[in-house]
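Dropping input-v3.tsv in here (TSV, C-alpha atoms and all ligand atoms):
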chain	number	residue	atom	x	y	z
H	1	MET	CA	-57.70	-26.77	-113.99
H	2	THR	CA	-57.45	-23.91	-116.40
H	3	ASN	CA	-56.22	-24.11	-119.91
H	4	ARG	CA	-52.72	-22.93	-120.65
H	5	TYR	CA	-53.44	-22.60	-124.35
H	6	ASP	CA	-55.18	-19.43	-125.51
H	7	LEU	CA	-55.49	-19.41	-129.27
H	8	HIS	CA	-57.58	-16.29	-129.94
H	9	CYS	CA	-56.94	-12.70	-128.86
H	10	HIS	CA	-56.60	-9.15	-130.19
H	11	SER	CA	-54.14	-6.25	-129.99
H	12	THR	CA	-54.02	-2.66	-131.23
H	13	ALA	CA	-53.24	-4.09	-134.66
H	14	SER	CA	-57.04	-4.49	-134.85
H	15	ASP	CA	-59.65	-3.76	-132.16
H	16	GLY	CA	-57.79	-4.74	-128.98
H	17	VAL	CA	-56.67	-2.04	-126.57
H	18	LEU	CA	-53.21	-3.41	-125.65
H	19	SER	CA	-50.18	-3.37	-127.93
H	20	PRO	CA	-49.02	-6.80	-129.15
H	21	ALA	CA	-46.18	-6.79	-126.58
H	22	GLU	CA	-48.58	-5.85	-123.77
H	23	VAL	CA	-50.98	-8.59	-124.82
H	24	VAL	CA	-48.20	-11.17	-124.59
H	25	LYS	CA	-47.05	-9.92	-121.18
H	26	THR	CA	-50.62	-9.87	-119.83
H	27	ALA	CA	-51.26	-13.41	-121.05
H	28	ALA	CA	-47.95	-14.67	-119.66
H	29	ASP	CA	-48.63	-13.06	-116.27
H	30	ALA	CA	-51.99	-14.85	-116.20
H	31	GLY	CA	-50.35	-18.24	-116.75
H	32	VAL	CA	-50.90	-18.71	-120.48
H	33	LYS	CA	-48.08	-20.79	-122.00
H	34	VAL	CA	-49.11	-20.93	-125.67
H	35	LEU	CA	-50.75	-17.85	-127.13
H	36	ALA	CA	-52.03	-17.10	-130.63
H	37	LEU	CA	-52.41	-13.45	-131.60
H	38	THR	CA	-55.37	-13.37	-133.99
H	39	ASP	CA	-56.15	-9.82	-135.05
H	40	HIS	CA	-58.98	-9.14	-137.46
H	41	ASP	CA	-57.79	-9.43	-141.09
H	42	THR	CA	-54.17	-8.54	-140.35
H	43	MET	CA	-50.96	-10.08	-139.06
H	44	ASP	CA	-49.27	-6.72	-138.49
H	45	GLY	CA	-48.90	-7.26	-134.74
H	46	VAL	CA	-47.39	-10.73	-134.90
H	47	ASP	CA	-43.68	-9.83	-135.17
H	48	GLU	CA	-43.85	-7.59	-132.12
H	49	ALA	CA	-45.73	-10.30	-130.22
H	50	GLN	CA	-43.16	-12.90	-131.23
H	51	GLN	CA	-40.33	-10.78	-129.82
H	52	ALA	CA	-42.19	-10.22	-126.56
H	53	ALA	CA	-42.96	-13.93	-126.32
H	54	ALA	CA	-39.26	-14.73	-126.24
H	55	GLN	CA	-38.86	-12.44	-123.22
H	56	HIS	CA	-41.85	-13.80	-121.32
H	57	ASN	CA	-41.24	-17.50	-121.72
H	58	ILE	CA	-44.39	-18.06	-123.73
H	59	THR	CA	-44.84	-19.72	-127.12
H	60	LEU	CA	-46.46	-17.53	-129.75
H	61	VAL	CA	-48.56	-19.00	-132.53
H	62	ARG	CA	-48.74	-16.73	-135.56
H	63	GLY	CA	-52.41	-16.19	-136.28
H	64	LEU	CA	-55.24	-14.00	-137.52
H	65	GLU	CA	-59.05	-13.90	-137.64
H	66	VAL	CA	-60.51	-13.60	-141.13
H	67	SER	CA	-63.90	-11.90	-141.62
H	68	VAL	CA	-66.19	-14.01	-143.82
H	69	SER	CA	-69.69	-13.59	-145.22
H	70	TRP	CA	-71.65	-16.80	-145.34
H	71	PHE	CA	-75.33	-16.76	-146.39
H	72	GLY	CA	-75.71	-13.31	-144.90
H	73	TYR	CA	-73.99	-14.24	-141.64
H	74	ASN	CA	-70.76	-12.64	-140.53
H	75	VAL	CA	-68.61	-15.67	-139.68
H	76	HIS	CA	-65.06	-15.48	-138.34
H	77	ILE	CA	-62.34	-17.96	-139.28
H	78	VAL	CA	-59.22	-18.04	-137.15
H	79	GLY	CA	-55.99	-19.14	-138.84
H	80	LEU	CA	-53.23	-20.63	-136.67
H	81	GLY	CA	-49.60	-21.18	-137.62
H	82	VAL	CA	-49.96	-18.95	-140.66
H	83	ASP	CA	-47.10	-17.66	-142.82
H	84	GLU	CA	-48.10	-14.09	-143.64
H	85	ASP	CA	-45.81	-13.95	-146.67
H	86	SER	CA	-48.19	-16.16	-148.62
H	87	GLU	CA	-49.27	-14.20	-151.68
H	88	ALA	CA	-52.88	-15.35	-151.87
H	89	LEU	CA	-53.34	-14.49	-148.21
H	90	GLN	CA	-51.78	-11.04	-148.62
H	91	ARG	CA	-53.95	-10.22	-151.60
H	92	GLY	CA	-57.08	-11.47	-149.89
H	93	LEU	CA	-56.43	-9.55	-146.70
H	94	GLN	CA	-55.73	-6.36	-148.63
H	95	ASN	CA	-59.15	-6.61	-150.27
H	96	ILE	CA	-60.82	-7.12	-146.90
H	97	ARG	CA	-58.95	-4.17	-145.41
H	98	ASP	CA	-59.97	-1.95	-148.34
H	99	PHE	CA	-63.59	-2.89	-147.68
H	100	ARG	CA	-63.09	-2.28	-143.95
H	101	ALA	CA	-61.71	1.21	-144.64
H	102	TRP	CA	-64.65	2.13	-146.87
H	103	ARG	CA	-67.09	0.59	-144.40
H	104	ALA	CA	-65.71	2.71	-141.54
H	105	GLU	CA	-66.44	5.89	-143.48
H	106	GLU	CA	-69.88	4.57	-144.36
H	107	ILE	CA	-70.62	3.77	-140.69
H	108	GLY	CA	-69.73	7.39	-139.91
H	109	ARG	CA	-72.01	8.69	-142.68
H	110	ARG	CA	-74.92	6.52	-141.54
H	111	LEU	CA	-74.54	7.44	-137.88
H	112	ARG	CA	-74.73	11.07	-138.94
H	113	ARG	CA	-77.66	10.59	-141.30
H	114	ASP	CA	-79.78	8.14	-139.29
H	115	ALA	CA	-78.81	8.80	-135.68
H	116	GLY	CA	-77.72	12.44	-135.78
H	117	ILE	CA	-74.26	11.62	-134.45
H	118	GLU	CA	-71.50	13.86	-135.79
H	119	GLY	CA	-67.83	13.01	-136.07
H	120	ALA	CA	-68.06	9.29	-135.32
H	121	TYR	CA	-65.67	8.26	-138.10
H	122	GLU	CA	-62.96	10.66	-136.96
H	123	GLY	CA	-63.52	9.62	-133.35
H	124	ALA	CA	-63.34	5.91	-134.12
H	125	LYS	CA	-60.24	6.44	-136.22
H	126	ALA	CA	-58.51	8.14	-133.30
H	127	PHE	CA	-59.09	5.00	-131.21
H	128	SER	CA	-57.51	2.82	-133.91
H	129	ASN	CA	-54.03	2.60	-135.34
H	130	GLY	CA	-55.48	4.16	-138.50
H	131	GLN	CA	-54.96	0.96	-140.49
H	132	SER	CA	-57.84	-1.23	-139.42
H	133	ILE	CA	-60.95	0.48	-138.11
H	134	GLY	CA	-63.67	-1.75	-136.73
H	135	ARG	CA	-66.95	-1.45	-134.93
H	136	GLY	CA	-65.10	-1.79	-131.63
H	137	HIS	CA	-63.40	1.55	-132.26
H	138	PHE	CA	-66.76	3.18	-132.93
H	139	ALA	CA	-68.09	1.67	-129.71
H	140	ARG	CA	-65.16	3.02	-127.67
H	141	HIS	CA	-65.53	6.47	-129.19
H	142	LEU	CA	-69.29	6.60	-128.59
H	143	VAL	CA	-68.77	5.62	-124.95
H	144	ALA	CA	-66.01	8.22	-124.57
H	145	VAL	CA	-68.25	11.03	-125.84
H	146	GLY	CA	-71.17	9.90	-123.68
H	147	VAL	CA	-73.57	8.69	-126.38
H	148	GLU	CA	-73.92	5.42	-124.42
H	149	GLU	CA	-72.52	4.41	-121.07
H	150	ASP	CA	-71.33	0.97	-121.94
H	151	TYR	CA	-69.48	-0.71	-124.80
H	152	ASN	CA	-71.89	-3.60	-125.27
H	153	LYS	CA	-74.88	-1.27	-125.20
H	154	VAL	CA	-73.44	0.79	-128.07
H	155	PHE	CA	-73.32	-2.34	-130.16
H	156	LYS	CA	-76.91	-3.21	-129.32
H	157	ARG	CA	-78.23	0.24	-130.06
H	158	TYR	CA	-76.09	1.36	-132.98
H	159	LEU	CA	-73.80	-1.24	-134.50
H	160	VAL	CA	-75.58	-4.55	-134.95
H	161	ARG	CA	-77.75	-5.60	-137.88
H	162	GLY	CA	-80.84	-3.43	-138.21
H	163	LYS	CA	-79.30	-0.51	-136.31
H	164	PRO	CA	-78.17	2.82	-137.85
H	165	GLY	CA	-74.44	2.10	-137.89
H	166	TYR	CA	-74.62	-1.42	-139.30
H	167	VAL	CA	-73.26	-1.62	-142.83
H	168	PRO	CA	-73.87	-4.93	-144.54
H	169	GLY	CA	-71.26	-6.00	-147.03
H	170	GLU	CA	-69.23	-8.71	-148.51
H	171	TRP	CA	-66.24	-9.97	-146.57
H	172	ALA	CA	-64.28	-13.00	-147.83
H	173	GLU	CA	-65.98	-16.20	-148.92
H	174	LEU	CA	-65.65	-19.17	-146.59
H	175	SER	CA	-63.79	-21.13	-149.26
H	176	GLU	CA	-61.32	-18.27	-149.73
H	177	ALA	CA	-60.58	-17.89	-146.03
H	178	VAL	CA	-59.93	-21.61	-145.61
H	179	SER	CA	-57.76	-21.85	-148.70
H	180	TRP	CA	-55.70	-18.75	-147.86
H	181	ILE	CA	-54.99	-20.19	-144.41
H	182	ASN	CA	-54.22	-23.68	-145.68
H	183	GLU	CA	-51.99	-22.40	-148.48
H	184	ALA	CA	-50.12	-20.32	-145.91
H	185	GLY	CA	-49.35	-23.52	-143.99
H	186	GLY	CA	-51.89	-22.84	-141.25
H	187	GLN	CA	-54.91	-24.50	-139.71
H	188	ALA	CA	-58.39	-22.99	-140.09
H	189	VAL	CA	-60.68	-22.78	-137.06
H	190	VAL	CA	-64.33	-21.65	-136.89
H	191	ALA	CA	-64.22	-18.89	-134.27
H	192	HIS	CA	-66.84	-18.76	-131.48
H	193	PRO	CA	-69.42	-20.96	-133.28
H	194	ALA	CA	-71.86	-20.78	-130.35
H	195	ARG	CA	-72.09	-17.01	-130.75
H	196	TYR	CA	-73.59	-16.91	-134.24
H	197	LYS	CA	-77.31	-16.37	-134.13
H	198	MET	CA	-77.89	-19.42	-136.34
H	199	SER	CA	-80.23	-22.37	-135.99
H	200	ARG	CA	-78.52	-25.66	-135.17
H	201	LYS	CA	-79.27	-26.83	-138.69
H	202	LYS	CA	-77.58	-23.79	-140.21
H	203	LEU	CA	-74.57	-24.21	-137.92
H	204	CYS	CA	-74.33	-27.88	-138.97
H	205	ASN	CA	-74.40	-26.77	-142.62
H	206	LEU	CA	-71.61	-24.31	-141.91
H	207	LEU	CA	-69.45	-26.93	-140.21
H	208	GLU	CA	-70.09	-29.51	-142.90
H	209	GLU	CA	-69.08	-27.09	-145.63
H	210	PHE	CA	-66.08	-25.91	-143.60
H	211	LYS	CA	-64.89	-29.49	-143.13
H	212	GLU	CA	-65.29	-30.25	-146.85
H	213	LEU	CA	-63.29	-27.15	-147.74
H	214	GLY	CA	-60.38	-28.36	-145.63
H	215	GLY	CA	-61.10	-26.65	-142.31
H	216	THR	CA	-59.47	-28.18	-139.24
H	217	ALA	CA	-61.12	-27.17	-135.99
H	218	LEU	CA	-63.76	-25.22	-134.11
H	219	GLU	CA	-63.57	-23.22	-130.93
H	220	VAL	CA	-65.08	-25.58	-128.41
H	221	VAL	CA	-63.95	-23.30	-125.60
H	222	SER	CA	-64.30	-19.51	-125.93
H	223	GLY	CA	-64.16	-16.68	-123.41
H	224	THR	CA	-67.83	-15.87	-123.86
H	225	TYR	CA	-69.27	-19.37	-123.59
H	226	SER	CA	-71.53	-20.89	-120.98
H	227	LYS	CA	-71.01	-24.49	-119.81
H	228	ASP	CA	-73.82	-25.55	-122.13
H	229	ASP	CA	-72.12	-23.88	-125.08
H	230	ILE	CA	-68.93	-25.84	-124.40
H	231	PHE	CA	-70.89	-29.08	-124.15
H	232	ASN	CA	-72.80	-28.40	-127.37
H	233	MET	CA	-69.71	-27.34	-129.32
H	234	ALA	CA	-67.77	-30.38	-128.09
H	235	ASN	CA	-70.52	-32.57	-129.49
H	236	LEU	CA	-70.47	-30.76	-132.81
H	237	ALA	CA	-66.69	-31.13	-133.02
H	238	SER	CA	-66.99	-34.88	-132.66
H	239	LYS	CA	-69.96	-35.11	-135.02
H	240	PHE	CA	-68.00	-33.36	-137.78
H	241	GLU	CA	-64.63	-34.87	-136.84
H	242	LEU	CA	-63.12	-31.47	-136.28
H	243	LEU	CA	-60.36	-30.78	-133.78
H	244	ALA	CA	-61.09	-28.54	-130.81
H	245	SER	CA	-59.55	-25.13	-130.16
H	246	ALA	CA	-59.73	-22.81	-127.16
H	247	GLY	CA	-59.40	-19.03	-127.09
H	248	SER	CA	-60.50	-16.18	-124.86
H	249	ASP	CA	-61.12	-13.66	-127.68
H	250	TYR	CA	-59.44	-11.19	-125.34
H	251	HIS	CA	-59.78	-7.53	-126.43
H	252	ALA	CA	-59.27	-5.44	-123.29
H	253	PRO	CA	-58.71	-5.85	-119.56
H	254	GLY	CA	-61.97	-6.69	-117.83
H	255	ASN	CA	-63.95	-6.63	-121.06
H	256	TRP	CA	-65.61	-9.95	-121.78
H	257	SER	CA	-62.82	-12.31	-120.96
H	258	ASP	CA	-59.51	-11.98	-119.16
H	259	PHE	CA	-56.56	-14.25	-119.84
H	260	GLY	CA	-55.98	-17.35	-117.77
H	261	LYS	CA	-59.59	-18.27	-117.13
H	262	LEU	CA	-60.44	-20.68	-119.93
H	263	PRO	CA	-61.70	-24.09	-118.86
H	264	PRO	CA	-60.13	-27.22	-120.34
H	265	ILE	CA	-61.37	-28.76	-123.56
H	266	PRO	CA	-63.78	-31.64	-122.81
H	267	GLU	CA	-62.21	-35.07	-123.06
H	268	ILE	CA	-64.37	-36.26	-125.93
H	269	CYS	CA	-62.49	-33.78	-128.14
H	270	ARG	CA	-59.05	-33.90	-129.62
H	271	PRO	CA	-57.29	-30.56	-129.08
H	272	ILE	CA	-55.92	-28.83	-132.17
H	273	TRP	CA	-52.47	-28.84	-130.52
H	274	HIS	CA	-52.38	-32.65	-130.13
H	275	ASP	CA	-49.75	-33.04	-132.86
H	276	TRP	CA	-48.02	-29.69	-132.55
H	277	PRO	CA	-44.33	-30.09	-131.82
H	278	LEU	CA	-44.56	-27.88	-128.75
H	279	ILE	CA	-47.02	-30.18	-127.00
H	280	ASN	CA	-44.11	-31.87	-125.26
H	281	GLN	CA	-43.20	-28.66	-123.50
H	282	ILE	CA	-46.53	-28.19	-121.81
H	283	ASP	CA	-48.21	-30.48	-119.37
H	284	ASP	CA	-51.82	-29.65	-120.04
H	285	ASN	CA	-54.92	-31.31	-121.41
V	1	LIG	P1	-66.01	-5.70	-137.12
V	1	LIG	O1	-65.02	-6.72	-137.59
V	1	LIG	O2	-65.51	-4.31	-137.28
V	1	LIG	O3	-67.39	-5.91	-137.71
V	1	LIG	O4	-66.15	-5.88	-135.56
V	1	LIG	C1	-66.36	-7.15	-135.01
V	1	LIG	C2	-65.95	-7.06	-133.57
V	1	LIG	O5	-66.86	-6.27	-132.85
V	1	LIG	C3	-65.93	-8.38	-132.84
V	1	LIG	O6	-64.70	-9.01	-133.00
V	1	LIG	C4	-66.08	-7.95	-131.43
V	1	LIG	O7	-64.86	-7.45	-130.95
V	1	LIG	C5	-67.03	-6.79	-131.53
V	1	LIG	N1	-68.47	-7.13	-131.40
V	1	LIG	C6	-69.27	-7.64	-132.35
V	1	LIG	N2	-70.54	-7.76	-131.88
V	1	LIG	C7	-70.51	-7.32	-130.61
V	1	LIG	C8	-71.51	-7.17	-129.59
V	1	LIG	N3	-72.79	-7.52	-129.82
V	1	LIG	N4	-71.12	-6.68	-128.40
V	1	LIG	C9	-69.83	-6.32	-128.18
V	1	LIG	N5	-68.86	-6.43	-129.10
V	1	LIG	C10	-69.19	-6.92	-130.30
V	2	MN	MN	-62.98	-7.81	-132.26
V	3	MN	MN	-64.70	-12.90	-133.90
V	4	MN	MN	-61.85	-12.29	-132.13
Please re-express this file's structure in C-alpha cells.
Ligand code: AMP
Ligand code: MN
Ligand code: MN
Ligand code: MN
Amino acid sequence: MTNRYDLHCHSTASDGVLSPAEVVKTAADAGVKVLALTDHDTMDGVDEAQQAAAQHNITLVRGLEVSVSWFGYNVHIVGLGVDEDSEALQRGLQNIRDFRAWRAEEIGRRLRRDAGIEGAYEGAKAFSNGQSIGRGHFARHLVAVGVEEDYNKVFKRYLVRGKPGYVPGEWAELSEAVSWINEAGGQAVVAHPARYKMSRKKLCNLLEEFKELGGTALEVVSGTYSKDDIFNMANLASKFELLASAGSDYHAPGNWSDFGKLPPIPEICRPIWHDWPLINQIDDN
C-alpha cells in the first residue's frame, strides 16, 4: 500500500519546477489525498495551492521548510498547519530570505573567482521567481549551460561544503524555527533526518533538543530513503516520543522522488495526522 499523505514538497515559490497549482494537480493525479506544500523559507505559494486543492479534491496543509543552522549543520525544519500571518514567523522568514538573497550573489562571485564560471548568479536567478534563489537554481543553470551534465553532479562538484560555490552562513536557530512554527499554530517536523551526514549520537542530540524545544515529529518516511533509513528513523521516533511524518520532498518530475510512491509509516510509529480532524476522511494508515 502506498501512503496517501505527502507532507513535504516544493513549487516555483522556492526551488521546485512546477507552479503551486501544477504541484497540487500532479500530486492529486498520483493518488495523494493530503498534501503539504513546504517551500523553503516562504509560504508564498500556499494560497494558489489551496485554490487548486479545492478543484482537485485534495486536502492542502499549509506548510513551509525552514532553513536552520545547528552546530555547523544545515538542518531543515518543516512546519505543518502554519498560519503565515504570525508576526514572529514573518519577521524570521524575512531575515532568512535577506540572507538567501545575499548568499545567491556570493555564490555567483565565488563560482567566478574559484571556478572560473561567469554569469552563474544571473543564470540561477532566471531559473527562479526572483524572490528566493537557492542552490537548486544554480544547479539547473549550470546543467543548462553544459558545465555539468546532471543536477546531482553539479551539487557534488560545485555546491556542497568544501566546493567553490558553497557559502557557509547562519540560517535560523533551531529554537527560533520551532517557536515560530508553534506560535503560528503549526507542528514542527525534522525534515529528512536520515540525510544529514551526522553520527547517530549527533542526530540523537538534535532530536533530544528538538523535542525539548517543543518539536512534534520527524520524517520517518521520505522520498530519498532506503528501507533501512525508514526502519532506523521509526526507531528514533519511538525513542524520542516524536510523531512520524511522511513526505516525498518532491521538486521536479522524475527528479529524486515522484508523487504517489511513498511507503506507509511503520506501525510502531504514531503518524502526525493521527489527531488531525481530516483523518476521518481518509482510509489510510
Ligand atoms: P539551499 O536551501 O539553497 O541551500 O538548497 C537546498 C536544496 O538544495 C535542497 O532542498 C535540495 O533541493 C537541494 N540539494 C541539497 N543538497 C543536494 C545534493 N547533494 N544533491 C541534489 N540536491 C541537493
Ligand atoms: Mn530544495
Ligand atoms: Mn530539505
Ligand atoms: Mn524539501
Any idea what's packed within 9 Å of Thr12 in chain H, counting all atoms listed in the file, ignoring anything in its chain fewer than 3 positions away? Could you give it as an NGL selection string?
:H and (15-20 or 39 or 45 or 128-129 or 251)
Residues within 7 Å of ligand LIG 1 (chain V) (only C-alpha atoms and all ligand atoms), as a ChimeraX atom specification?
/H:15,40,67,133-136,151-152,155-156,160,251
Please compute the CA of Arg100 in chain H-CA of Ala53 in chain H distance, one decimal, in Å.
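According to the coordinates, CA of Arg100 in chain H and CA of Ala53 in chain H are separated by 29.2 Å.
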Within 12 Å of range 113-122 of chain H: each range 150-180 of chain H residue with its shortest pair, all atoms listed in the file, as a tab-separated table:
residue	atom	partner	partner_atom	distance
H:Arg157	CA	H:Ala115	CA	10.3
H:Tyr158	CA	H:Ala115	CA	8.4
H:Leu159	CA	H:Ala115	CA	11.3
H:Gly162	CA	H:Asp114	CA	11.7
H:Lys163	CA	H:Asp114	CA	9.2
H:Pro164	CA	H:Asp114	CA	5.7
H:Gly165	CA	H:Asp114	CA	8.2
H:Tyr166	CA	H:Asp114	CA	10.9
In file coordinates, which residues lie within 12 Å of (-54.0, -22.3, -147.8) using all atoms listed in the file, given as a ChimeraX atom specification?
/H:79-90,92,175-188,213-216
Selection export as a PDB file, in the frame of the given file, atoms kept: C-alpha atoms:
ATOM      1  CA  GLY H  79     -55.990 -19.140-138.840  1.00  0.00           C
ATOM      2  CA  LEU H  80     -53.230 -20.630-136.670  1.00  0.00           C
ATOM      3  CA  GLY H  81     -49.600 -21.180-137.620  1.00  0.00           C
ATOM      4  CA  VAL H  82     -49.960 -18.950-140.660  1.00  0.00           C
ATOM      5  CA  ASP H  83     -47.100 -17.660-142.820  1.00  0.00           C
ATOM      6  CA  GLU H  84     -48.100 -14.090-143.640  1.00  0.00           C
ATOM      7  CA  ASP H  85     -45.810 -13.950-146.670  1.00  0.00           C
ATOM      8  CA  SER H  86     -48.190 -16.160-148.620  1.00  0.00           C
ATOM      9  CA  GLU H  87     -49.270 -14.200-151.680  1.00  0.00           C
ATOM     10  CA  ALA H  88     -52.880 -15.350-151.870  1.00  0.00           C
ATOM     11  CA  LEU H  89     -53.340 -14.490-148.210  1.00  0.00           C
ATOM     12  CA  GLN H  90     -51.780 -11.040-148.620  1.00  0.00           C
ATOM     13  CA  GLY H  92     -57.080 -11.470-149.890  1.00  0.00           C
ATOM     14  CA  SER H 175     -63.790 -21.130-149.260  1.00  0.00           C
ATOM     15  CA  GLU H 176     -61.320 -18.270-149.730  1.00  0.00           C
ATOM     16  CA  ALA H 177     -60.580 -17.890-146.030  1.00  0.00           C
ATOM     17  CA  VAL H 178     -59.930 -21.610-145.610  1.00  0.00           C
ATOM     18  CA  SER H 179     -57.760 -21.850-148.700  1.00  0.00           C
ATOM     19  CA  TRP H 180     -55.700 -18.750-147.860  1.00  0.00           C
ATOM     20  CA  ILE H 181     -54.990 -20.190-144.410  1.00  0.00           C
ATOM     21  CA  ASN H 182     -54.220 -23.680-145.680  1.00  0.00           C
ATOM     22  CA  GLU H 183     -51.990 -22.400-148.480  1.00  0.00           C
ATOM     23  CA  ALA H 184     -50.120 -20.320-145.910  1.00  0.00           C
ATOM     24  CA  GLY H 185     -49.350 -23.520-143.990  1.00  0.00           C
ATOM     25  CA  GLY H 186     -51.890 -22.840-141.250  1.00  0.00           C
ATOM     26  CA  GLN H 187     -54.910 -24.500-139.710  1.00  0.00           C
ATOM     27  CA  ALA H 188     -58.390 -22.990-140.090  1.00  0.00           C
ATOM     28  CA  LEU H 213     -63.290 -27.150-147.740  1.00  0.00           C
ATOM     29  CA  GLY H 214     -60.380 -28.360-145.630  1.00  0.00           C
ATOM     30  CA  GLY H 215     -61.100 -26.650-142.310  1.00  0.00           C
ATOM     31  CA  THR H 216     -59.470 -28.180-139.240  1.00  0.00           C
TER      32      THR H 216
END
Excluding same-chain residues fewer than 2 positions from Ala101 in chain H, what lies within 12 Å of it counting all atoms listed in the file, as number ranges by chain?
H: 41, 94-99, 103-108, 121, 124-125, 128, 130-135
Kindly compute an axis-aligned box around the listed atoms of range 168-173 of chain H, allowing 8 Å on each side, and express its centre and edge lengths in Å to one decimal as JSON.
{"center_x": -69.1, "center_y": -10.6, "center_z": -146.7, "size_x": 25.6, "size_y": 27.3, "size_z": 20.4}
Can you tell me, as an MDAnalysis selection string, what residues are no more than 12 Å from His56 in chain H when counting all atoms listed in the file, ignoring any on the same chain fewer than 5 positions away?
chainID H and resid 21:35 49:51
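All residues of protein, DNA or RNA that reach within 10 Å of Pro193 in chain H, judged by all atoms listed in the file and not counting those fewer than 6 positions away in the chain, are Val75, His76, Ile77, Leu203, Leu206, Leu207, Leu218, Glu219, Val220, Val221, Ser222, Tyr225, Asp229, Met233 and Leu236 of chain H.
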Please produce an output containing C-alpha atoms for each residue in the selection, written as a JSON list (two decimals), keeping the file's coordinate frame.
[["chain", "number", "residue", "atom", "x", "y", "z"],
["H", 75, "VAL", "CA", -68.61, -15.67, -139.68],
["H", 76, "HIS", "CA", -65.06, -15.48, -138.34],
["H", 77, "ILE", "CA", -62.34, -17.96, -139.28],
["H", 203, "LEU", "CA", -74.57, -24.21, -137.92],
["H", 206, "LEU", "CA", -71.61, -24.31, -141.91],
["H", 207, "LEU", "CA", -69.45, -26.93, -140.21],
["H", 218, "LEU", "CA", -63.76, -25.22, -134.11],
["H", 219, "GLU", "CA", -63.57, -23.22, -130.93],
["H", 220, "VAL", "CA", -65.08, -25.58, -128.41],
["H", 221, "VAL", "CA", -63.95, -23.30, -125.60],
["H", 222, "SER", "CA", -64.30, -19.51, -125.93],
["H", 225, "TYR", "CA", -69.27, -19.37, -123.59],
["H", 229, "ASP", "CA", -72.12, -23.88, -125.08],
["H", 233, "MET", "CA", -69.71, -27.34, -129.32],
["H", 236, "LEU", "CA", -70.47, -30.76, -132.81]]
To one decimal place, how far is CA of Asp6 in chain H from CA of Asn232 in chain H in Å?
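Taking CA of Asp6 in chain H and CA of Asn232 in chain H, their separation equals 19.9 Å.
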Could you check which residues have any atom within 12 Å of (-67.0, 8.4, -125.8), counting only C-alpha atoms with coordinates taken straight from the file, and then list them as a count of residues only?
24
Could you check which of H:Arg110, H:His192, H:Lys153, H:Arg270 is closest to ligand MN 2 (chain V), using all atoms listed in the file?
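Smallest distance to ligand MN 2 (chain V) is found for H:His192.
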Ligand MN 4 (chain V) neighbours within 7 Å using all atoms listed in the file, as a list in words:
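Listed by chain and ascending number, the contacts are His8, Cys9, His10, Thr38, Asp39, His40, Glu65 and Asp249 of chain H.
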Choose the residue, out of H:Pro263, H:Gly254, H:Gly223, H:Gly72, that has the smallest atom-to-atom separation from ligand MN 3 (chain V); count all atoms listed in the file.
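Checking each of H:Pro263, H:Gly254, H:Gly223, H:Gly72 against ligand MN 3 (chain V), counting all atoms listed in the file, the winner is H:Gly223.
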Have a look at H:Trp70, H:Met198, H:Lys227, H:Ala13 and name the one nearest to ligand MN 2 (chain V); count all atoms listed in the file.
H:Ala13
